[in-house]
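Right, one structure below, let's go through it.
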Amino acid sequence: MLTGLNHLTLSVRDLARGVVFYRDTLGLRLHAHWDRGAYLSAGDLWLCLSLDAGAANGKGGSYTHYAFSISQQDFAAFAARLRTAGVVEWQQNRSAGDSLYFLDPDGHQLEAHAGSLAQRLAACRAAPYPGMVFEADA
């Protein structure tokens with residue numbers, strides 16, 4: 001079962017501007033940034049900024065979504081239950097850790113993710129995204 005909020009992913013039009021706002025204005029901790037995104041945190045909450053082609057063109061942020069935490073052992077049964085119920089999946093997982101991207105009845109983009117920011121950063125250290133830079137204290 002879902003155990004809490006895992007992370008937020010926000011589509012941004014200008015990555016550098018977004019990093020400055022969330023890091024310098026709001027005080028979030030920057031862990032890493034790359035050509036198309038950044039990982040920050042506020043306490044236990046993980047925030048991903050994602051440069052989005054739709055957002056960059058003023059067409060809205062198509063990748064903004066809300067991710068819930070789920071244990072690895074509960075993930076397969078949860079995913080099967082949603083698929084059996086006919087829940088619409090809006091994207092296939094392309095990143096480290098098991099994730100199911102699905103829509104609620106009102107079209108909100110959601111994700112069930114079995115993993116943490118620490119696990120994502122470790123995977124990125126092993127296989128960095130293009131242009132990825134890690135902060136010294138992250």
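As shown in the structure tokens, the chain order sets the letters A, B, ...; within each chain, residues go from 1, and ligands are also counted from 1 in the order they appear.
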
Quick one: everything within 10 Å of Gln91 in chain A, counting only C-alpha atoms, minus sequence neighbours fewer than 6 positions away in the same chain. Send it as a compact mmCIF listing (two decimals) with all heavy atoms, in the first residue's frame.
# COMPACT_ATOMS: atom_id res chain seq x y z
N TYR A 63 4.84 17.08 -17.74
CA TYR A 63 5.48 16.07 -16.91
C TYR A 63 5.28 16.30 -15.41
O TYR A 63 5.69 15.51 -14.59
CB TYR A 63 6.98 15.99 -17.24
CG TYR A 63 7.65 14.76 -16.67
CD1 TYR A 63 7.23 13.48 -17.02
CD2 TYR A 63 8.68 14.87 -15.75
CE1 TYR A 63 7.83 12.35 -16.48
CE2 TYR A 63 9.30 13.75 -15.21
CZ TYR A 63 8.87 12.50 -15.58
OH TYR A 63 9.46 11.39 -15.06
N SER A 99 8.41 2.13 -10.78
CA SER A 99 7.40 3.19 -10.77
C SER A 99 6.24 2.81 -11.67
O SER A 99 6.44 2.17 -12.70
CB SER A 99 7.99 4.51 -11.28
OG SER A 99 8.83 5.11 -10.35
N LEU A 100 5.07 3.20 -11.26
CA LEU A 100 3.87 3.09 -12.09
C LEU A 100 3.29 4.48 -12.19
O LEU A 100 2.98 5.12 -11.17
CB LEU A 100 2.85 2.13 -11.46
CG LEU A 100 1.57 1.95 -12.25
CD1 LEU A 100 1.85 1.21 -13.56
CD2 LEU A 100 0.53 1.21 -11.45
N TYR A 101 3.19 4.99 -13.42
CA TYR A 101 2.65 6.32 -13.69
C TYR A 101 1.20 6.15 -14.13
O TYR A 101 0.93 5.51 -15.13
CB TYR A 101 3.45 7.00 -14.80
CG TYR A 101 4.90 7.26 -14.44
CD1 TYR A 101 5.86 6.28 -14.63
CD2 TYR A 101 5.29 8.48 -13.93
CE1 TYR A 101 7.19 6.53 -14.32
CE2 TYR A 101 6.61 8.74 -13.61
CZ TYR A 101 7.56 7.76 -13.81
OH TYR A 101 8.87 8.00 -13.49
N PHE A 102 0.26 6.75 -13.39
CA PHE A 102 -1.16 6.53 -13.67
C PHE A 102 -1.96 7.80 -13.47
O PHE A 102 -1.49 8.75 -12.84
CB PHE A 102 -1.70 5.39 -12.80
CG PHE A 102 -1.59 5.62 -11.31
CD1 PHE A 102 -2.66 6.11 -10.59
CD2 PHE A 102 -0.40 5.35 -10.64
CE1 PHE A 102 -2.57 6.33 -9.22
CE2 PHE A 102 -0.29 5.56 -9.27
CZ PHE A 102 -1.37 6.06 -8.56
N LEU A 103 -3.17 7.81 -14.03
CA LEU A 103 -4.07 8.95 -13.91
C LEU A 103 -5.16 8.66 -12.91
O LEU A 103 -5.68 7.54 -12.85
CB LEU A 103 -4.73 9.26 -15.26
CG LEU A 103 -3.81 9.64 -16.41
CD1 LEU A 103 -4.64 9.84 -17.69
CD2 LEU A 103 -2.99 10.88 -16.10
N GLN A 109 -1.89 13.49 -12.97
CA GLN A 109 -0.80 12.56 -13.22
C GLN A 109 -0.15 12.18 -11.89
O GLN A 109 0.36 13.03 -11.17
CB GLN A 109 0.24 13.19 -14.17
CG GLN A 109 -0.35 13.42 -15.54
CD GLN A 109 0.62 14.05 -16.51
OE1 GLN A 109 0.45 13.87 -17.71
NE2 GLN A 109 1.62 14.78 -16.06
N GLU A 111 2.07 8.92 -9.57
CA GLU A 111 3.08 7.87 -9.68
C GLU A 111 3.15 7.13 -8.35
O GLU A 111 3.04 7.74 -7.29
CB GLU A 111 4.45 8.50 -9.97
CG GLU A 111 5.61 7.53 -10.00
CD GLU A 111 6.97 8.22 -10.12
OE1 GLU A 111 7.03 9.46 -10.19
OE2 GLU A 111 7.97 7.50 -10.13

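Look at Ala122 in chain A: the protein and nucleic acid residues within 12 Å of it, using only C-alpha atoms and passing over chain neighbours fewer than 4 places away, are His31, Ala32, Ala96, Gly97, Gly115, Ser116, Leu117, Ala118, Ala126, Ala127, Pro128, Phe134 and Ala138 of chain A.
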
Find the distance between CA of Gly86 in chain A and CA of Asp104 in chain A and write it in Å to one decimal.
11.0 Å

As a ChimeraX atom specification, please: all residues of chain A that backbone DSSP puts in alpha helix (DSSP H).
/A:15-19,53-56,72-84,117-126

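Of the residues under consideration (A:Leu2, A:Gly37, A:Gly18, A:His65), A:Gly37 shows the shortest atom-to-atom contact distance to Val133 in chain A when counting only C-alpha atoms.
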
Nearest to Asp74 in chain A, restricted to only C-alpha atoms and choosing among A:His113, A:Arg94, A:His108, A:Arg36, comes out as A:His113

I'd like the neighbourhood of Tyr129 in chain A as a VMD selection string, where a residue qualifies if any of its atoms comes within 8 Å (using only C-alpha atoms), though same-chain residues fewer than 5 positions away should be ignored.
chain A and resid 34 to 35 124

Under the rule that only C-alpha atoms are counted, which of A:Leu8, A:Ala136, A:Phe78, A:Asp24 is the nearest residue to Tyr39 in chain A?
A:Leu8

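Considering the residues A:Ser62, A:Thr84, A:Gln119, A:Ser50 and counting only C-alpha atoms, Gly107 in chain A has its shortest atom-to-atom contact with A:Ser62.
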
Test item: residues at most 12 Å from Leu26 in chain A, only C-alpha atoms, excluding those fewer than 6 positions along its chain, as a PyMOL selection string
chain A and resi 18-20+40-42

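Among the candidate residues A:Asp44, A:Glu135, A:Asp52, A:Asp98, the one lying nearest to Thr9 in chain A is A:Asp52, with distances computed using only C-alpha atoms.
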